[in-house]
Structure formats: C-alpha cells, structure tokens
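> Can you read through this structure? Questions will come right after.
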Amino acid sequence: MKGSERMPVRAASGIFLAILFAAAVILALDSASGQSSSPYPVATDVRLAGDLAETRLVMDLSRKIDLHAFTLADPYRVVVDIPEVVFRLPQHAGEAGRGLIKAFRFGLMMEGGSRIVLDLAKPVRVQKAFVMDAEAGDPARLVLDLVATDRAGFLRQITLDDKQLTQRMPVRPQPQDNSGDSRPLVVLDPGHGGIDTGTRAPTGQLEKDIVLDFAKRVRQRLESAGKYRVLMTRADDTFIPLAERVDIARKANASLFVSIHADSLPHGEGDAQGATVYTLSNKATDAEAAQVAEMENRSDVVAGVDLKGEPDDVAGILIDLAQRETKTFSTQFAHKLVADLKGVARLHKEPLKSAGFRVLRAPDVPSVLVELGYVSNRDDLKSLMSDSWRDRTADSIAMAIDTYLSAHVASAPRSAN
Ligand SMILES: [Zn+2]
C-alpha cells in the first residue's frame, strides 16, 4: 500500500521538475533572443512622475547609452536623440501623458539612431537629461527632468541648442541614382516610417508598414518591365522628413513622384472608404481633403523635425510657369490613375481631390499622393492586408504610370541634367 501510494507522488514530482526545467529553458532562450544577445540596447519600461511644475520621465535600459536632448517650438516639444535602441515598452506607452508631458513617441530615425519625442503641455526647461548606470539589480535608467518655464525662456534655450545642433546634425545618406542610365525615373514615396508610424488600424496594423510593402510591389513591377528606373524615398523602416522626400525627387530629376499612404477616420466621424488620388493645390477641394492634408503634413511634427523656415502654406509656389505645367501633368496622371484603379480597387465616392500636401510641393516634378484606403473601415482594411489586393492594385498603379510616362516623356522630354 505504502509503496503504491508513493509511486504516483514521485511521478508527479518528476513531471513538476520537468515543467520547471522546461520553463527555465524557455526563459533562458527568451532572454538570449532578447536583451543579452541584442546588438542594440533594449528599452524595457518607461514611467512618468510629477505635475505641471516639474515632470520626470524615466526609461529603463539594458545598458548605459549617450543622449542629447533639445527643444523645439510651435508646437512645444522636447526631442531626445539616442543611439539605435530596441523599444520593448508596454503596449500603450506614451499615449497618455502626465504633468508637463502630454504624450510621447519613440522609434527609429535612421540606421544607428533612435529618438524620443515628447509633446508638451506648455514651455519647459530641460533641467536634467542623463543616463544612470545599472547598479544593485536596477537596470540602467534614462532620466529626463523638465521644469515649467515661459515662452521667452523656452525660445532663449532653443537659440543655445541651435548652435550645438548644427555641429552634431547627423548626415543621412540620400538615396540617389548615379547609374548614368537615361531611362525615365519614377520616385515612389512610402509615407511615414520609423518613429512616425502614420495612422493605426483598430487591429494594430500601422500605415508605415502597409505602404512600404505596397510601394515595394509597385517598384518590383516597374523594374521588371525594364522601361523605368525606380528610386524609393525609403526602402526600410526609417523616417524621412517631408521636405527631404521632395528634395530626393528634384535632385534625381524624376519624371514622376508617387507618394503612398493609407487613411483613417477618427472614431465617430463616419465610415468613409475607398482609395483617393490627391494633387497639390493651395485651396483644398473640400473639408475632408483639407483634413487629410493636415494629418499627413503632421509627419514632421510627430518625428520632432524643426519646422522653422518652412513656409506655412503652398500658395507662394503655385505661380510660376514651371509649376503650372507640372500641375497640369500631375492632374493628367491623377485622372489616368483613378480611371485605372476603378476596375481593381474600391474608390472613394469622390476619388480625385486636391489639397496643400507638403510632400507634393516640387515645382518641377509631377506629383500625386495616393490614399489606398481607410484602415478605419473594416472592408478597406481587409483589402489593405490582402496579398492579392495589394498585387492587383500595385499592377494597376504600375500600368497607369507606364501609360502616363509613355505618352509624356516621349512628347515632352525633361531637360537633361
Ligand atoms: Zn499617411
């Protein structure tokens, strides 16, 4: 009796030990694939404390890093530049603020460099910004102490920052084409990237990922047809400021610039659906177009880019002849694109619109912006996430580009560089 009673106990404890061992292996594997083996420091947690007079942000890190903090006005922001970090923060980190910090974002700016951008409730002074070594079981910690100040004090600090900043401005290599190849060049511009995620579907998918994958499919089609060269403003998950995207197209003497985005409507603002093709104008077609342009133009603010020196509107550049010709070409291509998309994708009830998009400002490169659909609409999101929809729609865009360029580049060659 005794023996037979003991046996199951021993078996059970054996199983228990096996489970413990398996759990330990899983934990070890997890930490091996995570912090210990990552070539980059890992951010694991973030906390806010304080009030409207003083606010502290603390971010836990797997090891000590360098940082550089500076401020930007209009809107008031604090930007913290750090080496490339893997962010493994709680899911909604940064969405809700506290004290002087309204909200914050974090992410990649470019290879080797990450950034934290804080939106402020009012002007602040950065009292302290440093990283503490790990010690006594505590992780390394990034500490940012902000104290309230007035606008004058805030602007004075920016002048000081500017002097330092020009010296340590990271140089981002611009994609360019030096092949000497004379085939017409198409610049594809997947919106957002890195710290700027773009819009987010209720189910979590990010605009920046959807449009990057989509742009690559269009590129693949254009390149395999062999008639055109293709340059992407970004081919990975990094951030490119709006003005730089325009610059890339102009410097490369592009024949066409196509910016690719996906829309969303805030909860409770109806349920619009379908693709829309936008061209540039200083007066938006309607209130919705104006709102879309405003959202897309926020990209630089989101990523902590200084807007000082950027014109407030696009009115000033719509006057010269080159611009007028470019505008005509942009509109012709937009019409062609809408006509071709009609057969394969659901279109917005008014699929052709114009508004003041910063990214469409090149005075000498015909430019359109395509909103592929609304991630806030269930049917659109299903399409946007579907491989076959992406392939069909990319086909159709590549065909529209070919039809347009075949007609225009032959009859009106661009001035050679
Ligand atoms: Zn966008």
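Lettering and numbering for the structure tokens are positional, with chains as A, B, ... in the shown order, residues counted from 1 in each chain, and ligands counted from 1 in the shown order.
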Mind listing the residues within 7 Å of ligand 1, only C-alpha atoms and all ligand atoms counted, as an mmCIF file with all heavy atoms, in the first residue's frame?

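What ended up in selection04.cif:
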```cif
data_model
loop_
_atom_site.group_PDB
_atom_site.id
_atom_site.type_symbol
_atom_site.label_atom_id
_atom_site.label_comp_id
_atom_site.auth_asym_id
_atom_site.auth_seq_id
_atom_site.Cartn_x
_atom_site.Cartn_y
_atom_site.Cartn_z
ATOM 1 N N GLY A 191 4.813 56.638 -47.318
ATOM 2 C CA GLY A 191 4.704 57.642 -46.266
ATOM 3 C C GLY A 191 5.242 57.177 -44.918
ATOM 4 O O GLY A 191 5.404 55.982 -44.680
ATOM 5 N N HIS A 192 5.566 58.183 -44.067
ATOM 6 C CA HIS A 192 5.913 57.925 -42.657
ATOM 7 C C HIS A 192 7.171 57.055 -42.535
ATOM 8 O O HIS A 192 8.015 57.082 -43.408
ATOM 9 C CB HIS A 192 4.711 57.327 -41.935
ATOM 10 C CG HIS A 192 3.438 58.084 -42.252
ATOM 11 N ND1 HIS A 192 3.103 59.248 -41.615
ATOM 12 C CD2 HIS A 192 2.479 57.866 -43.187
ATOM 13 C CE1 HIS A 192 1.974 59.716 -42.128
ATOM 14 N NE2 HIS A 192 1.577 58.899 -43.086
ATOM 15 N N GLY A 198 2.492 56.794 -38.797
ATOM 16 C CA GLY A 198 1.310 57.083 -39.593
ATOM 17 C C GLY A 198 0.088 56.646 -38.828
ATOM 18 O O GLY A 198 0.128 56.491 -37.599
ATOM 19 N N THR A 199 -0.992 56.394 -39.554
ATOM 20 C CA THR A 199 -2.220 56.038 -38.874
ATOM 21 C C THR A 199 -2.178 54.567 -38.453
ATOM 22 O O THR A 199 -1.383 53.785 -38.966
ATOM 23 C CB THR A 199 -3.431 56.353 -39.774
ATOM 24 O OG1 THR A 199 -4.585 56.279 -38.981
ATOM 25 C CG2 THR A 199 -3.537 55.390 -40.937
ATOM 26 N N GLU A 207 0.160 52.156 -40.707
ATOM 27 C CA GLU A 207 0.223 52.690 -42.071
ATOM 28 C C GLU A 207 1.629 52.559 -42.655
ATOM 29 O O GLU A 207 1.800 52.182 -43.813
ATOM 30 C CB GLU A 207 -0.206 54.166 -42.068
ATOM 31 C CG GLU A 207 -0.128 54.823 -43.443
ATOM 32 C CD GLU A 207 -0.452 56.315 -43.430
ATOM 33 O OE1 GLU A 207 -0.803 56.832 -42.347
ATOM 34 O OE2 GLU A 207 -0.337 56.959 -44.484
ATOM 35 N N HIS A 261 0.022 56.375 -49.225
ATOM 36 C CA HIS A 261 -0.461 56.461 -47.844
ATOM 37 C C HIS A 261 -1.714 55.611 -47.652
ATOM 38 O O HIS A 261 -2.282 55.094 -48.602
ATOM 39 C CB HIS A 261 -0.797 57.922 -47.497
ATOM 40 C CG HIS A 261 0.413 58.791 -47.400
ATOM 41 N ND1 HIS A 261 0.950 59.175 -46.193
ATOM 42 C CD2 HIS A 261 1.201 59.314 -48.359
ATOM 43 C CE1 HIS A 261 2.024 59.919 -46.421
ATOM 44 N NE2 HIS A 261 2.204 60.020 -47.731
ATOM 45 N N ALA A 262 -2.140 55.508 -46.389
ATOM 46 C CA ALA A 262 -3.444 54.917 -46.069
ATOM 47 C C ALA A 262 -4.094 55.829 -45.034
ATOM 48 O O ALA A 262 -3.428 56.370 -44.172
ATOM 49 C CB ALA A 262 -3.275 53.509 -45.518
ATOM 50 N N ASP A 263 -5.381 55.982 -45.169
ATOM 51 C CA ASP A 263 -6.153 56.934 -44.376
ATOM 52 C C ASP A 263 -6.740 56.327 -43.118
ATOM 53 O O ASP A 263 -6.783 55.114 -42.980
ATOM 54 C CB ASP A 263 -7.361 57.349 -45.226
ATOM 55 C CG ASP A 263 -7.275 58.781 -45.638
ATOM 56 O OD1 ASP A 263 -6.704 59.547 -44.867
ATOM 57 O OD2 ASP A 263 -7.787 59.115 -46.713
ATOM 58 N N GLU A 296 -1.448 64.390 -42.849
ATOM 59 C CA GLU A 296 -0.215 63.920 -43.476
ATOM 60 C C GLU A 296 0.926 64.912 -43.260
ATOM 61 O O GLU A 296 2.074 64.517 -43.113
ATOM 62 C CB GLU A 296 -0.431 63.668 -44.978
ATOM 63 C CG GLU A 296 -1.491 62.628 -45.307
ATOM 64 C CD GLU A 296 -1.166 61.214 -44.814
ATOM 65 O OE1 GLU A 296 -0.180 61.044 -44.070
ATOM 66 O OE2 GLU A 296 -1.913 60.290 -45.166
#
```
> Identify, with DSSP run on backbone atoms, the residues in segment 97-308 of chain A assigned to strand (DSSP E), and express the list as a PyMOL selection string.
chain A and resi 101-110+113-120+124-132+140-148+185-190+229-232+256-263+275-280
> Could you build a table of the residues in segment 187-271 of chain A lying no more than 7 Å from segment 389-413 of chain A, giving for each the nearest pair of atoms and their separation in Å rounded to one decimal place, using only C-alpha atoms, ordered by chain and ascending residue number, as a tab-separated table?

```
residue	atom	partner	partner_atom	distance
A:Phe214	CA	A:Arg390	CA	6.4
A:Arg217	CA	A:Ala394	CA	6.1
A:Val218	CA	A:Ala394	CA	5.0
A:Arg221	CA	A:Ala398	CA	6.5
A:Leu222	CA	A:Ala398	CA	6.0
```
> Which polymer residues have any atom within 10 Å of an atom of Ala69 of chain A, counting only C-alpha atoms, with same-chain residues fewer than 5 positions away left out, as a PyMOL selection string?
chain A and resi 78-82+115-117+126+128-130+144+161
> Just want the 9 Å neighbourhood of Lys216 of chain A, counted on only C-alpha atoms, with same-chain residues fewer than 6 positions away dropped. Output as a list of chain:residue names.
A:Leu188, A:Pro190, A:Met232, A:Ala235
> Convert the current residue selection to file output with N, CA and C atoms, as an mmCIF file, in the first residue's frame.

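After the write, selection_24.cif holds the following:
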```cif
data_model
loop_
_atom_site.group_PDB
_atom_site.id
_atom_site.type_symbol
_atom_site.label_atom_id
_atom_site.label_comp_id
_atom_site.auth_asym_id
_atom_site.auth_seq_id
_atom_site.Cartn_x
_atom_site.Cartn_y
_atom_site.Cartn_z
ATOM 1 N N LEU A 188 9.103 56.559 -55.879
ATOM 2 C CA LEU A 188 7.996 56.062 -55.053
ATOM 3 C C LEU A 188 8.259 56.471 -53.618
ATOM 4 N N PRO A 190 6.872 55.829 -49.994
ATOM 5 C CA PRO A 190 6.032 55.256 -48.939
ATOM 6 C C PRO A 190 5.999 56.221 -47.750
ATOM 7 N N MET A 232 13.231 54.730 -54.333
ATOM 8 C CA MET A 232 12.295 54.833 -53.209
ATOM 9 C C MET A 232 12.856 55.857 -52.217
ATOM 10 N N ALA A 235 13.334 52.567 -48.206
ATOM 11 C CA ALA A 235 13.085 51.170 -48.527
ATOM 12 C C ALA A 235 13.112 50.342 -47.252
#
```
> With only C-alpha atoms as the basis for distance, which of A:His267, A:Ala93, A:Leu142, A:Arg98 is at the shortest distance from Ala49 of chain A?
A:Arg98
> Enumerate the residues of segment 284-417 of chain A with a DSSP assignment of alpha helix (DSSP H), computed from the backbone, and present them as a PDB file with C-alpha atoms, in the first residue's frame.

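result_0.pdb, freshly written:
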```pdb
ATOM      1  CA  ALA A 287     -13.073  69.958 -45.745  1.00  0.00           C
ATOM      2  CA  GLU A 288     -12.154  66.268 -45.761  1.00  0.00           C
ATOM      3  CA  ALA A 289      -9.286  66.829 -48.219  1.00  0.00           C
ATOM      4  CA  ALA A 290      -8.002  69.684 -46.056  1.00  0.00           C
ATOM      5  CA  GLN A 291      -8.120  67.422 -43.004  1.00  0.00           C
ATOM      6  CA  VAL A 292      -6.242  64.621 -44.776  1.00  0.00           C
ATOM      7  CA  ALA A 293      -3.506  67.050 -45.868  1.00  0.00           C
ATOM      8  CA  GLU A 294      -3.245  68.422 -42.342  1.00  0.00           C
ATOM      9  CA  MET A 295      -2.827  64.914 -40.917  1.00  0.00           C
ATOM     10  CA  GLU A 296      -0.215  63.920 -43.476  1.00  0.00           C
ATOM     11  CA  ASN A 297       1.633  67.210 -43.012  1.00  0.00           C
ATOM     12  CA  SER A 299       4.592  63.835 -40.067  1.00  0.00           C
ATOM     13  CA  ASP A 300       7.485  66.198 -39.318  1.00  0.00           C
ATOM     14  CA  VAL A 301       5.940  67.405 -36.053  1.00  0.00           C
ATOM     15  CA  VAL A 302       5.428  63.795 -34.974  1.00  0.00           C
ATOM     16  CA  LEU A 321       5.133  78.612 -65.304  1.00  0.00           C
ATOM     17  CA  ALA A 322       7.108  75.506 -64.485  1.00  0.00           C
ATOM     18  CA  GLN A 323       4.741  74.902 -61.632  1.00  0.00           C
ATOM     19  CA  ARG A 324       1.715  75.398 -63.859  1.00  0.00           C
ATOM     20  CA  GLU A 325       2.963  72.840 -66.348  1.00  0.00           C
ATOM     21  CA  THR A 326       3.810  70.434 -63.535  1.00  0.00           C
ATOM     22  CA  LYS A 327       0.339  70.912 -62.150  1.00  0.00           C
ATOM     23  CA  THR A 328      -1.239  70.046 -65.487  1.00  0.00           C
ATOM     24  CA  PHE A 329       0.861  66.888 -65.746  1.00  0.00           C
ATOM     25  CA  SER A 330       0.053  65.916 -62.146  1.00  0.00           C
ATOM     26  CA  THR A 331      -3.665  66.303 -62.836  1.00  0.00           C
ATOM     27  CA  GLN A 332      -3.463  64.291 -66.059  1.00  0.00           C
ATOM     28  CA  PHE A 333      -1.688  61.466 -64.264  1.00  0.00           C
ATOM     29  CA  ALA A 334      -4.167  61.612 -61.373  1.00  0.00           C
ATOM     30  CA  HIS A 335      -7.075  61.193 -63.827  1.00  0.00           C
ATOM     31  CA  LYS A 336      -5.352  58.269 -65.527  1.00  0.00           C
ATOM     32  CA  LEU A 337      -4.649  56.647 -62.152  1.00  0.00           C
ATOM     33  CA  VAL A 338      -8.251  56.955 -60.972  1.00  0.00           C
ATOM     34  CA  ALA A 339      -9.512  55.513 -64.273  1.00  0.00           C
ATOM     35  CA  ASP A 340      -7.162  52.511 -63.983  1.00  0.00           C
ATOM     36  CA  LEU A 341      -7.849  51.907 -60.296  1.00  0.00           C
ATOM     37  CA  ARG A 378     -13.341  47.070 -41.971  1.00  0.00           C
ATOM     38  CA  ASP A 379     -13.648  46.228 -45.687  1.00  0.00           C
ATOM     39  CA  ASP A 380     -10.823  48.556 -46.693  1.00  0.00           C
ATOM     40  CA  LEU A 381      -8.550  47.136 -44.003  1.00  0.00           C
ATOM     41  CA  LYS A 382      -9.287  43.611 -45.195  1.00  0.00           C
ATOM     42  CA  SER A 383      -8.242  44.672 -48.709  1.00  0.00           C
ATOM     43  CA  LEU A 384      -5.172  46.536 -47.486  1.00  0.00           C
ATOM     44  CA  ASP A 387      -1.767  39.923 -50.713  1.00  0.00           C
ATOM     45  CA  SER A 388      -3.927  39.546 -53.794  1.00  0.00           C
ATOM     46  CA  TRP A 389      -5.488  43.016 -53.361  1.00  0.00           C
ATOM     47  CA  ARG A 390      -2.036  44.553 -52.970  1.00  0.00           C
ATOM     48  CA  ASP A 391      -0.800  42.750 -56.078  1.00  0.00           C
ATOM     49  CA  ARG A 392      -3.778  43.734 -58.227  1.00  0.00           C
ATOM     50  CA  THR A 393      -3.690  47.344 -57.072  1.00  0.00           C
ATOM     51  CA  ALA A 394       0.094  47.592 -57.500  1.00  0.00           C
ATOM     52  CA  ASP A 395      -0.364  46.206 -61.046  1.00  0.00           C
ATOM     53  CA  SER A 396      -2.897  48.868 -61.796  1.00  0.00           C
ATOM     54  CA  ILE A 397      -0.723  51.709 -60.442  1.00  0.00           C
ATOM     55  CA  ALA A 398       2.313  50.448 -62.363  1.00  0.00           C
ATOM     56  CA  MET A 399       0.201  50.321 -65.535  1.00  0.00           C
ATOM     57  CA  ALA A 400      -1.093  53.858 -65.025  1.00  0.00           C
ATOM     58  CA  ILE A 401       2.497  55.059 -64.514  1.00  0.00           C
ATOM     59  CA  ASP A 402       3.556  53.311 -67.728  1.00  0.00           C
ATOM     60  CA  THR A 403       0.677  54.753 -69.771  1.00  0.00           C
ATOM     61  CA  TYR A 404       1.348  58.245 -68.468  1.00  0.00           C
ATOM     62  CA  LEU A 405       5.124  58.163 -68.948  1.00  0.00           C
ATOM     63  CA  SER A 406       4.929  56.534 -72.382  1.00  0.00           C
ATOM     64  CA  ALA A 407       2.815  59.454 -73.544  1.00  0.00           C
ATOM     65  CA  HIS A 408       4.540  62.292 -71.709  1.00  0.00           C
ATOM     66  CA  VAL A 409       8.214  61.539 -71.517  1.00  0.00           C
ATOM     67  CA  ALA A 410       8.338  60.861 -75.260  1.00  0.00           C
ATOM     68  CA  SER A 411       6.461  64.006 -76.259  1.00  0.00           C
TER      69      SER A 411
END
```
> I'd like the contact shell of segment 360-362 of chain A - 7 Å cut-off, only C-alpha atoms, skipping same-chain residues fewer than 4 positions apart - returned as a list in words.
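So the residues in contact are Val246, Arg250, Leu280, Ser367 and Val368 of chain A.
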> Create the file for the chosen residues now, containing all heavy atoms and written as a compact mmCIF listing (two decimals), in the first residue's frame.

```
# COMPACT_ATOMS: atom_id res chain seq x y z
N VAL A 246 10.71 65.51 -51.10
CA VAL A 246 10.58 66.36 -52.28
C VAL A 246 11.96 66.56 -52.92
O VAL A 246 12.13 66.48 -54.15
CB VAL A 246 9.99 67.73 -51.88
CG1 VAL A 246 9.93 68.67 -53.07
CG2 VAL A 246 8.59 67.55 -51.28
N ARG A 250 13.51 65.90 -56.75
CA ARG A 250 14.02 67.00 -57.56
C ARG A 250 15.47 66.76 -57.97
O ARG A 250 15.84 66.93 -59.13
CB ARG A 250 13.91 68.32 -56.79
CG ARG A 250 12.48 68.69 -56.45
CD ARG A 250 12.38 70.13 -56.03
NE ARG A 250 12.69 71.02 -57.14
CZ ARG A 250 12.95 72.31 -57.00
NH1 ARG A 250 12.95 72.85 -55.79
NH2 ARG A 250 13.21 73.06 -58.04
N LEU A 280 -1.70 68.57 -55.69
CA LEU A 280 -1.44 69.74 -54.86
C LEU A 280 -2.33 70.92 -55.25
O LEU A 280 -2.53 71.20 -56.44
CB LEU A 280 0.02 70.17 -55.05
CG LEU A 280 0.45 71.44 -54.33
CD1 LEU A 280 0.54 71.20 -52.83
CD2 LEU A 280 1.79 71.93 -54.86
N SER A 367 3.56 65.32 -59.37
CA SER A 367 3.48 64.58 -58.10
C SER A 367 2.03 64.31 -57.72
O SER A 367 1.18 65.20 -57.82
CB SER A 367 4.11 65.41 -56.97
OG SER A 367 5.45 65.77 -57.27
N VAL A 368 1.77 63.07 -57.30
CA VAL A 368 0.46 62.77 -56.73
C VAL A 368 0.62 61.99 -55.44
O VAL A 368 1.67 61.40 -55.19
CB VAL A 368 -0.44 61.93 -57.69
CG1 VAL A 368 -0.61 62.60 -59.04
CG2 VAL A 368 0.08 60.53 -57.84
```
> So how far away is atom CA of Arg298 of chain A from atom CA of Leu108 of chain A, in Å?
17.2 Å
> Do you have the atom CA of Asp364 of chain A-atom CA of Ser179 of chain A distance handy?
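That distance, rounded to one decimal, is 21.6 Å.
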